[in-house]
>>> print(open('upload_22.cif').read())   # mmCIF, C-alpha atoms
data_data
loop_
_atom_site.label_atom_id
_atom_site.label_comp_id
_atom_site.auth_asym_id
_atom_site.auth_seq_id
_atom_site.Cartn_x
_atom_site.Cartn_y
_atom_site.Cartn_z
CA MET A 1 48.63 -151.57 114.88
CA ILE A 2 47.61 -150.00 118.20
CA CYS A 3 46.67 -146.32 118.31
CA ARG A 4 48.58 -144.34 120.95
CA HIS A 5 45.65 -142.00 121.50
CA CYS A 6 42.68 -144.30 122.09
CA GLY A 7 44.52 -147.60 122.59
CA LYS A 8 42.36 -149.55 120.13
CA GLU A 9 43.75 -152.22 117.84
CA HIS A 10 43.04 -151.89 114.14
CA VAL A 11 44.16 -153.49 110.92
CA GLY A 12 45.74 -151.33 108.27
CA GLU A 13 48.47 -148.74 108.15
CA GLY A 14 46.48 -145.63 107.24
CA GLU A 15 47.53 -142.23 108.50
CA PHE A 16 44.53 -141.78 110.79
CA CYS A 17 43.01 -144.09 113.40
CA PRO A 18 39.54 -145.28 112.28
CA PHE A 19 38.20 -145.14 115.87
CA CYS A 20 39.27 -141.78 117.26
CA GLY A 21 40.22 -140.05 114.02
CA LEU A 22 43.58 -138.83 115.30
CA LYS A 23 46.90 -139.23 113.50
CA ASN A 24 48.15 -142.79 113.77
CA ASP A 25 51.70 -142.84 115.07
CA ALA A 26 51.45 -146.02 117.19
CA ALA A 27 54.29 -148.47 117.54
CA GLU A 28 53.72 -152.03 116.30
CA GLY A 29 52.54 -154.41 119.04
CA GLU A 30 52.64 -151.83 121.80
CA VAL A 31 49.50 -151.44 123.88
CA LEU A 32 50.08 -149.83 127.23
CA SER A 33 52.51 -146.99 126.78
CA THR A 34 52.75 -145.92 130.40
CA ALA A 35 53.79 -142.61 131.82
CA ASP A 36 56.71 -144.39 133.45
CA SER A 37 58.27 -145.57 130.20
CA ASP A 38 57.64 -142.27 128.42
CA ASN A 39 59.18 -140.19 131.20
CA ALA A 40 61.78 -142.64 132.47
CA PRO A 41 64.09 -141.10 135.08
CA PRO A 42 67.78 -140.84 134.30
CA GLU A 43 69.91 -143.90 135.06
CA GLU A 44 71.63 -142.41 138.14
CA GLU A 45 68.28 -141.88 139.97
CA MET A 46 67.28 -145.54 139.62
CA HIS A 47 70.06 -146.98 141.82
CA GLY A 48 68.53 -147.83 145.21
CA ASP A 49 65.04 -147.04 146.42
CA LYS A 50 63.78 -143.49 146.16
CA PRO A 51 63.12 -141.76 149.53
CA GLN A 52 59.48 -141.25 148.53
CA THR A 53 59.09 -144.96 147.85
CA LYS A 54 60.66 -145.87 151.19
CA LEU A 55 58.26 -143.51 152.98
CA LEU A 56 55.26 -144.97 151.15
CA CYS A 57 56.35 -148.51 152.00
CA ILE A 58 56.89 -147.67 155.68
CA LEU A 59 53.51 -145.94 155.88
CA SER A 60 51.93 -148.89 154.13
CA LEU A 61 53.31 -151.31 156.73
CA ILE A 62 52.24 -149.01 159.58
CA PHE A 63 48.69 -148.67 158.25
CA GLY A 64 48.40 -152.27 157.13
CA PHE A 65 49.71 -154.08 160.17
CA GLY A 66 50.88 -151.71 162.88
CA ALA A 67 47.82 -149.51 163.27
CA PRO A 68 45.20 -152.31 163.44
CA ALA A 69 47.32 -154.16 166.01
CA VAL A 70 47.65 -151.01 168.12
CA VAL A 71 43.92 -150.26 167.87
CA TYR A 72 42.84 -153.76 168.81
CA ALA A 73 45.34 -153.98 171.67
CA GLY A 74 44.24 -150.57 172.89
CA ASN A 75 40.59 -151.60 172.69
CA GLU A 76 41.21 -154.72 174.77
CA LEU A 77 43.08 -152.67 177.39
CA LEU A 78 40.34 -150.02 177.57
CA ASP A 79 37.66 -152.71 177.81
CA ILE A 80 39.45 -154.19 180.81
CA LEU A 81 40.15 -150.86 182.51
CA PHE A 82 36.77 -149.20 181.82
CA ARG A 83 34.42 -152.15 181.61
CA ASP A 84 31.32 -150.37 182.87
CA VAL A 85 31.81 -147.01 181.17
CA SER A 86 29.41 -146.96 178.21
CA PHE A 87 31.12 -144.03 176.47
CA VAL A 88 34.43 -145.91 176.40
CA GLN A 89 32.65 -149.04 175.14
CA LYS A 90 31.10 -147.07 172.28
CA MET A 91 34.45 -145.45 171.49
CA THR A 92 36.24 -148.81 171.35
CA ASP A 93 33.50 -150.30 169.17
CA PHE A 94 33.80 -147.37 166.78
CA ALA A 95 37.61 -147.58 166.75
CA GLY A 96 37.36 -151.31 166.04
CA GLU A 97 35.20 -150.67 162.98
CA ILE A 98 37.45 -147.87 161.67
CA ALA A 99 40.50 -150.10 162.12
CA VAL A 100 39.20 -152.28 159.29
CA LEU A 101 39.98 -149.44 156.88
CA PHE A 102 43.64 -149.19 157.90
CA PRO A 103 44.80 -152.30 156.00
CA VAL A 104 42.90 -151.06 152.93
CA ALA A 105 44.78 -147.74 153.16
CA GLY A 106 48.03 -149.66 153.61
CA LEU A 107 47.29 -151.71 150.50
CA VAL A 108 46.63 -148.55 148.47
CA LEU A 109 49.90 -146.99 149.64
CA MET A 110 51.81 -150.15 148.69
CA ILE A 111 50.25 -150.12 145.22
CA VAL A 112 51.20 -146.45 144.72
CA ALA A 113 54.78 -147.26 145.78
CA ARG A 114 54.98 -150.24 143.40
CA VAL A 115 53.52 -148.44 140.41
CA LYS A 116 55.53 -145.24 140.87
CA ASP A 117 58.80 -147.08 141.47
CA PRO A 118 58.56 -150.60 139.96
CA LYS A 119 62.27 -151.33 140.55
CA SER A 120 62.12 -150.71 144.32
CA LYS A 121 63.16 -153.79 146.31
CA PHE A 122 61.43 -152.54 149.45
CA GLY A 123 58.25 -152.11 147.43
CA LYS A 124 58.48 -155.69 146.13
CA ILE A 125 58.95 -157.06 149.65
CA VAL A 126 55.95 -155.11 150.98
CA MET A 127 53.86 -156.29 148.01
CA TRP A 128 54.64 -159.94 148.75
CA ILE A 129 53.87 -159.36 152.45
CA TYR A 130 50.41 -158.13 151.49
CA ILE A 131 49.83 -161.02 149.09
CA ALA A 132 50.88 -163.54 151.75
CA ALA A 133 48.66 -161.82 154.33
CA THR A 134 45.67 -161.95 151.95
CA ILE A 135 46.18 -165.66 151.26
CA LEU A 136 46.50 -166.36 154.99
CA ALA A 137 43.34 -164.35 155.70
CA VAL A 138 41.36 -166.41 153.16
CA ILE A 139 42.68 -169.70 154.58
CA LEU A 140 41.87 -168.51 158.12
CA ALA A 141 38.35 -167.53 157.05
CA VAL A 142 37.75 -171.02 155.61
CA ILE A 143 39.08 -172.67 158.77
CA LEU A 144 36.92 -170.42 160.98
CA ILE A 145 33.80 -171.27 158.96
CA PHE A 146 34.40 -175.00 159.49
CA ALA A 147 35.37 -174.50 163.15
CA PHE A 148 32.33 -172.32 163.87
CA VAL A 149 29.90 -174.69 162.21
CA TYR A 150 31.47 -177.72 163.93
CA ALA A 151 31.27 -175.99 167.34
CA MET A 152 27.64 -174.96 166.73
CA VAL A 153 26.62 -178.46 165.70
CA SER A 154 28.58 -179.93 168.59
CA CYS A 155 26.80 -177.62 171.06
CA CYS A 156 23.35 -178.24 169.63
CA GLU A 157 23.57 -182.01 169.34
CA SER A 158 25.53 -183.18 172.34
CA PHE A 159 26.44 -180.19 174.54
CA LYS A 160 30.15 -180.93 174.24
CA ASN A 161 32.72 -178.10 174.56
CA CYS A 162 30.04 -175.54 175.39
CA PRO A 163 31.10 -172.87 177.92
CA GLY A 164 29.10 -172.74 181.14
CA MET B 1 16.09 -174.81 150.84
CA ASN B 2 19.12 -173.80 152.82
CA TRP B 3 21.66 -175.89 151.01
CA MET B 4 24.61 -177.25 152.90
CA PHE B 5 27.14 -179.93 152.18
CA THR B 6 27.92 -182.60 154.72
CA VAL B 7 31.38 -183.51 155.98
CA GLN B 8 31.37 -186.40 158.46
CA GLN B 9 27.79 -185.67 159.53
CA THR B 10 28.56 -181.94 159.95
CA LYS B 11 26.56 -179.64 157.69
CA ILE B 12 28.55 -176.76 156.20
CA PRO B 13 26.60 -173.87 154.64
CA LEU B 14 27.38 -173.25 150.97
CA TYR B 15 26.94 -169.47 151.10
CA PRO B 16 30.51 -168.40 152.05
CA PHE B 17 32.10 -170.83 149.60
CA VAL B 18 29.93 -169.77 146.66
CA ILE B 19 30.69 -166.12 147.49
CA MET B 20 34.41 -166.96 147.48
CA ALA B 21 34.00 -168.78 144.18
CA SER B 22 32.32 -165.70 142.66
CA PHE B 23 35.24 -163.50 143.77
CA ILE B 24 37.74 -166.02 142.36
CA ALA B 25 35.88 -166.16 139.03
CA SER B 26 35.88 -162.36 138.85
CA VAL B 27 39.62 -162.20 139.57
CA ILE B 28 40.37 -164.86 136.94
CA PHE B 29 38.39 -162.90 134.36
CA GLN B 30 40.15 -159.63 135.23
CA ALA B 31 43.56 -161.33 135.02
CA LEU B 32 42.82 -162.97 131.65
CA PHE B 33 41.36 -159.72 130.28
CA LEU B 34 44.39 -157.69 131.32
CA LYS B 35 46.75 -160.37 129.98
CA ARG B 36 44.92 -160.20 126.63
CA LYS B 37 45.56 -156.44 126.62
CA HIS B 38 49.28 -157.04 127.31
CA ALA B 39 49.31 -155.52 130.81
CA GLU B 40 52.35 -156.19 132.96
CA GLY B 41 52.21 -159.11 135.41
CA THR B 42 52.69 -156.90 138.47
CA ASP B 43 49.87 -154.60 137.39
CA ILE B 44 47.56 -157.57 136.88
CA LEU B 45 48.39 -158.89 140.36
CA LEU B 46 47.99 -155.53 142.10
CA PHE B 47 44.80 -154.59 140.28
CA CYS B 48 43.14 -157.94 141.03
CA LEU B 49 44.15 -157.70 144.70
CA LEU B 50 42.91 -154.12 145.03
CA SER B 51 39.58 -154.73 143.28
CA THR B 52 38.87 -157.83 145.39
CA VAL B 53 39.68 -156.11 148.69
CA LEU B 54 37.69 -152.98 147.80
CA ALA B 55 34.75 -155.06 146.51
CA PHE B 56 34.60 -156.99 149.79
CA THR B 57 35.04 -153.89 151.96
CA GLY B 58 32.58 -151.84 149.91
CA SER B 59 29.88 -154.51 150.02
CA LYS B 60 30.04 -154.63 153.82
CA ALA B 61 30.45 -150.87 154.26
CA LEU B 62 27.26 -150.10 152.32
CA THR B 63 25.29 -152.53 154.52
CA MET B 64 26.67 -150.77 157.62
CA ILE B 65 25.69 -147.36 156.19
CA LEU B 66 22.18 -148.48 155.20
CA ALA B 67 21.64 -150.02 158.66
CA LEU B 68 22.17 -146.65 160.41
CA PRO B 69 21.23 -145.37 162.94
CA GLU B 70 21.33 -148.93 164.28
CA PRO B 71 25.04 -149.84 164.34
CA VAL B 72 26.10 -153.09 162.69
CA SER B 73 29.66 -154.34 163.02
CA PHE B 74 31.82 -155.09 159.99
CA LEU B 75 31.83 -158.82 160.76
CA GLU B 76 28.08 -159.01 161.29
CA ALA B 77 27.19 -156.92 158.22
CA GLY B 78 25.88 -158.72 155.16
CA MET B 79 27.10 -157.98 151.64
CA THR B 80 25.35 -155.73 149.13
CA GLY B 81 25.78 -155.81 145.37
CA TYR B 82 26.10 -152.08 144.89
CA GLY B 83 28.64 -151.78 147.69
CA GLY B 84 30.80 -154.37 145.94
CA ALA B 85 30.29 -152.62 142.60
CA ALA B 86 31.36 -149.31 144.14
CA GLY B 87 34.51 -150.99 145.46
CA VAL B 88 35.44 -152.47 142.08
CA LEU B 89 34.74 -149.16 140.30
CA ALA B 90 36.83 -147.27 142.85
CA ALA B 91 39.72 -149.71 142.29
CA ALA B 92 39.39 -149.41 138.50
CA VAL B 93 39.26 -145.60 138.47
CA PHE B 94 42.11 -145.35 140.98
CA TYR B 95 44.37 -147.69 139.01
CA GLU B 96 43.50 -145.96 135.77
CA LYS B 97 44.54 -142.61 137.29
CA LEU B 98 47.70 -144.10 138.75
CA LYS B 99 48.79 -145.82 135.54
CA PRO B 100 46.91 -144.39 132.54
CA SER B 101 46.17 -147.12 130.03
CA HIS B 102 43.36 -145.80 127.83
CA GLY B 103 40.67 -147.40 129.96
CA VAL B 104 41.98 -150.98 130.07
CA PHE B 105 41.81 -151.27 133.86
CA LEU B 106 38.43 -149.56 133.90
CA ARG B 107 37.10 -152.07 131.36
CA ALA B 108 38.56 -155.00 133.30
CA GLY B 109 36.79 -153.84 136.46
CA VAL B 110 33.44 -152.92 134.93
CA LEU B 111 33.16 -156.03 132.73
CA SER B 112 33.87 -158.33 135.68
CA LEU B 113 31.00 -156.85 137.74
CA PRO B 114 28.06 -158.75 136.16
CA LEU B 115 30.03 -162.00 136.52
CA LEU B 116 30.75 -161.30 140.21
CA TYR B 117 27.18 -160.30 140.99
CA GLY B 118 25.55 -163.04 138.91
CA LEU B 119 27.53 -165.83 140.61
CA SER B 120 27.05 -164.34 144.08
CA LYS B 121 23.28 -164.59 143.61
CA ILE B 122 23.69 -168.37 143.54
CA ALA B 123 25.01 -168.07 147.10
CA CYS B 124 21.89 -166.08 148.04
CA PHE B 125 19.74 -168.80 146.43
CA PHE B 126 21.40 -171.44 148.60
CA ALA B 127 21.23 -169.34 151.77
CA GLY B 128 17.65 -168.18 151.34
CA CYS B 129 18.39 -164.46 151.42
CA CYS B 130 17.36 -161.80 148.84
CA TYR B 131 14.34 -164.00 148.15
CA GLY B 132 11.43 -163.27 145.84
CA LEU B 133 7.72 -162.50 146.07
CA PRO B 134 5.35 -165.23 147.31
CA TYR B 135 4.77 -167.58 144.36
CA ALA B 136 3.52 -171.14 144.10
CA GLY B 137 3.84 -171.84 140.37
CA PRO B 138 6.46 -173.84 138.44
CA GLY B 139 10.00 -173.26 139.63
CA CYS B 140 9.00 -171.85 143.03
CA VAL B 141 11.47 -172.15 145.87
CA VAL B 142 10.81 -173.26 149.46
CA TYR B 143 13.06 -172.71 152.47
CA PRO B 144 12.11 -175.37 155.04
CA GLY B 145 12.88 -174.31 158.58
CA LEU B 146 13.75 -170.80 157.41
CA ARG B 147 10.66 -169.26 155.82
CA ARG B 148 7.05 -170.26 155.47
CA GLY B 149 5.54 -170.58 152.01
CA SER B 150 7.06 -170.65 148.55
CA PHE B 151 8.76 -167.84 146.65
CA ALA B 152 9.77 -166.75 143.15
CA PRO B 153 13.30 -167.91 142.22
CA VAL B 154 14.45 -164.31 141.74
CA GLN B 155 18.07 -165.12 142.70
CA ILE B 156 18.40 -167.59 139.82
CA MET B 157 16.72 -165.12 137.46
CA GLU B 158 19.27 -162.49 138.48
CA THR B 159 22.10 -164.97 137.93
CA ALA B 160 20.84 -165.75 134.42
CA ALA B 161 20.31 -162.07 133.53
CA PHE B 162 23.70 -160.88 134.76
CA LEU B 163 25.64 -163.76 133.23
CA LEU B 164 23.93 -162.94 129.94
CA VAL B 165 25.00 -159.29 130.28
CA PHE B 166 28.53 -160.43 131.08
CA LEU B 167 28.76 -162.69 128.00
CA LEU B 168 27.26 -160.05 125.72
CA MET B 169 29.61 -157.31 126.93
CA ASP B 170 32.63 -159.59 126.61
CA ILE B 171 31.70 -160.42 123.02
CA LEU B 172 31.18 -156.73 122.20
CA ASP B 173 34.49 -155.81 123.83
CA ARG B 174 36.37 -158.41 121.75
CA ARG B 175 34.84 -156.79 118.66
CA GLY B 176 36.21 -153.40 119.70
CA LYS B 177 32.92 -151.82 120.77
CA GLU B 178 32.50 -149.39 123.67
CA THR B 179 31.40 -151.52 126.62
CA VAL B 180 32.03 -149.67 129.91
CA LEU B 181 28.98 -147.45 129.84
CA ALA B 182 26.86 -150.05 128.04
CA SER B 183 27.70 -152.58 130.76
CA VAL B 184 26.82 -150.13 133.55
CA MET B 185 23.52 -149.27 131.89
CA SER B 186 22.62 -152.93 131.22
CA CYS B 187 23.41 -154.00 134.78
CA ALA B 188 21.51 -151.05 136.28
CA ALA B 189 18.47 -151.73 134.08
CA ALA B 190 18.49 -155.47 134.87
CA LYS B 191 18.80 -154.82 138.61
CA PHE B 192 16.03 -152.19 138.55
CA LEU B 193 13.58 -154.48 136.74
CA LEU B 194 14.35 -157.70 138.62
CA ASP B 195 14.09 -155.90 141.95
CA PHE B 196 10.31 -155.73 141.39
CA LEU B 197 10.23 -159.51 141.93
CA ARG B 198 11.89 -159.29 145.36
CA TYR B 199 10.00 -159.75 148.61
CA ASP B 200 10.75 -156.12 149.66
CA HIS B 201 8.21 -154.93 147.12
CA ILE B 202 5.38 -156.14 149.29
CA ILE B 203 6.13 -153.17 151.55
CA LYS B 204 8.02 -150.71 149.33
CA THR B 205 7.15 -149.18 145.96
CA VAL B 206 10.73 -148.31 145.04
CA THR B 207 13.60 -149.81 147.02
CA VAL B 208 17.00 -148.28 147.79
CA ASN B 209 18.56 -150.66 145.23
CA GLN B 210 16.25 -149.29 142.55
CA TRP B 211 17.09 -145.68 143.37
CA ILE B 212 20.78 -146.49 143.10
CA SER B 213 20.12 -148.33 139.80
CA LEU B 214 18.34 -145.26 138.39
CA LEU B 215 21.26 -143.08 139.45
CA PHE B 216 23.81 -145.35 137.78
CA PHE B 217 21.72 -145.65 134.61
CA ALA B 218 21.18 -141.90 134.32
CA SER B 219 24.86 -141.08 134.97
CA ALA B 220 26.06 -143.64 132.42
CA PHE B 221 23.54 -142.39 129.86
CA VAL B 222 24.67 -138.78 130.26
CA LEU B 223 28.34 -139.81 129.96
CA LEU B 224 27.53 -141.85 126.85
CA VAL B 225 25.85 -138.87 125.18
CA ILE B 226 28.80 -136.59 126.06
CA ARG B 227 31.29 -139.15 124.74
CA LYS B 228 29.44 -139.67 121.45
CA THR B 229 29.20 -135.89 120.92
CA ARG B 230 32.94 -135.45 121.56
CA LYS B 231 33.80 -138.34 119.21
CA ARG B 232 31.70 -136.82 116.46
CA GLU B 233 33.44 -133.44 116.93
CA ARG B 234 36.89 -135.08 116.85
CA ARG B 235 36.05 -136.97 113.66
CA THR B 236 34.82 -133.77 112.00
CA ASP B 237 38.06 -132.01 112.98
CA ALA B 238 40.14 -134.93 111.64
CA GLU B 239 38.27 -134.90 108.35
CA LYS B 240 38.80 -131.15 108.03
CA ARG B 241 42.54 -131.59 108.68
CA CYS B 242 42.63 -134.38 106.12
CA GLU B 243 41.05 -132.15 103.50
CA GLU B 244 43.61 -129.43 104.25
#
>>> encode(input="upload_22.cif", output="structure tokens")
Amino acid sequence: MICRHCGKEHVGEGEFCPFCGLKNDAAEGEVLSTADSDNAPPEEEMHGDKPQTKLLCILSLIFGFGAPAVVYAGNELLDILFRDVSFVQKMTDFAGEIAVLFPVAGLVLMIVARVKDPKSKFGKIVMWIYIAATILAVILAVILIFAFVYAMVSCCESFKNCPG
Amino acid sequence: MNWMFTVQQTKIPLYPFVIMASFIASVIFQALFLKRKHAEGTDILLFCLLSTVLAFTGSKALTMILALPEPVSFLEAGMTGYGGAAGVLAAAVFYEKLKPSHGVFLRAGVLSLPLLYGLSKIACFFAGCCYGLPYAGPGCVVYPGLRRGSFAPVQIMETAAFLLVFLLMDILDRRGKETVLASVMSCAAAKFLLDFLRYDHIIKTVTVNQWISLLFFASAFVLLVIRKTRKRERRTDAEKRCEE
């Protein structure tokens, strides 16, 4: 038996939960009674994605992929146009650091969309985009580690492929 | 030592791979824990993804903050234990608020922390960072080409201590005991005490890590006292209702 109030499993079918002391009206085998299942929307509202979900998914994609790309492209352009202006250099460095937080915000928005509307197809697609992007990022990191170390060793030992 | 493994005469440092392995181990534990508590597959996937990303980002962000006013870029910044812990806690609290589950996600996050930190200290041992006080007795560590002299194997001691905390908390959790606050207090106490064996203590009396440990310990202790008081009051009310 799982208590609905504190969520703890206990043996026995007494009236009160031995852990929290509240009245035991838990369903057999049920653990996570979520707000979604308790307050399920009527059937007609579940056809198609909700407008709120669509907005969250679009914002998630913008923050996760669009915004970092725009920031990095903008930084490169500003570096070329204002190479010797220290204020612009500092601004682009700062923007580059802040841009790291955009994908995190995008991930959070995607999670909110998925949890609030689990049946949304758009939400599922965005979720799998993020999972694929994370896997690719890990693989890229591993490749870069090997490539960096190989280049370093190559430069130190035989001066091959070293610029200038 | 600055352990590396060799692939066709190219030496590859172990540090990044051991760090990755510690993240993977933490994710596996969180997934198995949540599966044991009958969480949905999508929730397990999303929670593990969120906690890993926030742990990584948090660990780097704290280094960048502590380095101020000298700016350090995100790529250049090292990783700090408390930054990673803050990330995992943020993910756990956020998910718990988003999908209330009587503390299951919070427990998954908090219980995985000593495992993540303990295994990541092995990476520090291999890389020669977070090293201990000068020491020449049994078990001392040398870092040829990196540092002069020999040092206390504090990274391995931290690994042993935190893995012990992890195992103990997991056992207590399976027996239905309260483990979130106990785990926070144990980890904070272990980190506070073991920090005295770190090289930083040659210069500093109390390090930033120790101040943060004290803060975590005190906060968890206060919450524990409040929780126990509330539980006692609820039990008294239930008994009174029963008598009626």
>>> resolve_selection(input="upload_22.cif", expression="the PyMOL selection byres ((chain B and resi 153) around 8)", output="number ranges by chain")
B: 125, 131-132, 139-141, 151-152, 154-157
>>> write_last_selection(input="upload_22.cif", atoms="C-alpha atoms", output="compact mmCIF listing (two decimals), keeping the file's coordinate frame")
# COMPACT_ATOMS: atom_id res chain seq x y z
CA PHE B 125 19.74 -168.80 146.43
CA TYR B 131 14.34 -164.00 148.15
CA GLY B 132 11.43 -163.27 145.84
CA GLY B 139 10.00 -173.26 139.63
CA CYS B 140 9.00 -171.85 143.03
CA VAL B 141 11.47 -172.15 145.87
CA PHE B 151 8.76 -167.84 146.65
CA ALA B 152 9.77 -166.75 143.15
CA VAL B 154 14.45 -164.31 141.74
CA GLN B 155 18.07 -165.12 142.70
CA ILE B 156 18.40 -167.59 139.82
CA MET B 157 16.72 -165.12 137.46
>>> resolve_selection(input="upload_22.cif", expression="the PyMOL selection byres ((chain B and resi 72) around 12)", output="list of chain:residue names")
A:Asp93, A:Phe94, A:Gly96, A:Glu97, B:Lys60, B:Ala61, B:Leu62, B:Thr63, B:Met64, B:Ile65, B:Leu66, B:Ala67, B:Leu68, B:Pro69, B:Glu70, B:Pro71, B:Ser73, B:Phe74, B:Leu75, B:Glu76, B:Ala77, B:Gly78
>>> closest_atom_pairs(input="upload_22.cif", of="chain B", to="chain A", cutoff="8 Å", atoms="all atoms listed in the file", output="Markdown table")
| residue | atom | partner | partner_atom | distance |
| --- | --- | --- | --- | --- |
| B:Thr10 | CA | A:Tyr150 | CA | 6.5 |
| B:Lys11 | CA | A:Val149 | CA | 7.5 |
| B:Ile12 | CA | A:Val149 | CA | 6.5 |
| B:Lys37 | CA | A:Val31 | CA | 6.9 |
| B:His38 | CA | A:Val31 | CA | 6.6 |
| B:Ala39 | CA | A:Leu32 | CA | 6.8 |
| B:Asp43 | CA | A:Val115 | CA | 7.8 |
| B:Leu46 | CA | A:Ile111 | CA | 6.6 |
| B:Leu49 | CA | A:Ile131 | CA | 7.9 |
| B:Leu50 | CA | A:Leu107 | CA | 7.4 |
| B:Val53 | CA | A:Val104 | CA | 7.3 |
| B:Leu54 | CA | A:Val104 | CA | 7.6 |
| B:Ser73 | CA | A:Glu97 | CA | 6.6 |
| B:Phe74 | CA | A:Glu97 | CA | 6.3 |
| B:Leu98 | CA | A:Val112 | CA | 7.3 |
| B:Lys99 | CA | A:Thr34 | CA | 6.5 |
| B:Pro100 | CA | A:Thr34 | CA | 6.4 |
| B:Ser101 | CA | A:Leu32 | CA | 5.5 |
| B:His102 | CA | A:Gly7 | CA | 5.7 |
| B:Gly176 | CA | A:Lys8 | CA | 7.3 |
| B:Lys231 | CA | A:Cys20 | CA | 6.7 |
| B:Arg234 | CA | A:Gly21 | CA | 6.6 |
| B:Arg235 | CA | A:Gly21 | CA | 5.2 |
| B:Ala238 | CA | A:Gly21 | CA | 5.6 |
| B:Glu239 | CA | A:Gly21 | CA | 7.9 |
>>> atom_distance(input="upload_22.cif", atom1="CA of Leu214 in chain B", atom2="CA of Ala190 in chain B")
10.8 Å
>>> resolve_selection(input="upload_22.cif", expression="the PyMOL selection byres ((chain B and resi 87-90) around 7)", output="PyMOL selection string")
chain B and resi 51+54-55+58+83-86+91-94+109-110
>>> atom_distance(input="upload_22.cif", atom1="CA of Ala123 in chain B", atom2="CA of Thr159 in chain B")
10.1 Å
>>> atom_distance(input="upload_22.cif", atom1="CA of Ser26 in chain B", atom2="CA of Val225 in chain B")
29.0 Å
>>> residues_around(input="upload_22.cif", residues="Val180 in chain B", least_positions_apart="2", cutoff="6 Å", atoms="all atoms listed in the file", output="PyMOL selection string")
chain B and resi 107+182-183
>>> residues_around(input="upload_22.cif", residues="Ala218 in chain B", least_positions_apart="5", cutoff="9 Å", atoms="all atoms listed in the file", output="PDB file with C-alpha atoms, keeping the file's coordinate frame")
ATOM      1  CA  MET B 185      23.520-149.270 131.890  1.00  0.00           C
ATOM      2  CA  SER B 213      20.120-148.330 139.800  1.00  0.00           C
ATOM      3  CA  LEU B 223      28.340-139.810 129.960  1.00  0.00           C
TER       4      LEU B 223
END
>>> residues_around(input="upload_22.cif", residues="Thr53 in chain A", least_positions_apart="2", cutoff="12 Å", atoms="all atoms listed in the file", output="MDAnalysis selection string")
chainID A and resid 46 48:51 55:60 109:124 126
>>> closest_residue(input="upload_22.cif", among="B:Cys124, B:Val104, B:Leu115, B:Met169", to="Arg36 in chain B", atoms="all atoms listed in the file")
B:Val104
>>> axis_aligned_box(input="upload_22.cif", around="range 129-141 of chain B", padding_each_side="6 Å", output="JSON")
{"center_x": 11.0, "center_y": -167.8, "center_z": 144.9, "size_x": 26.9, "size_y": 24.0, "size_z": 25.0}
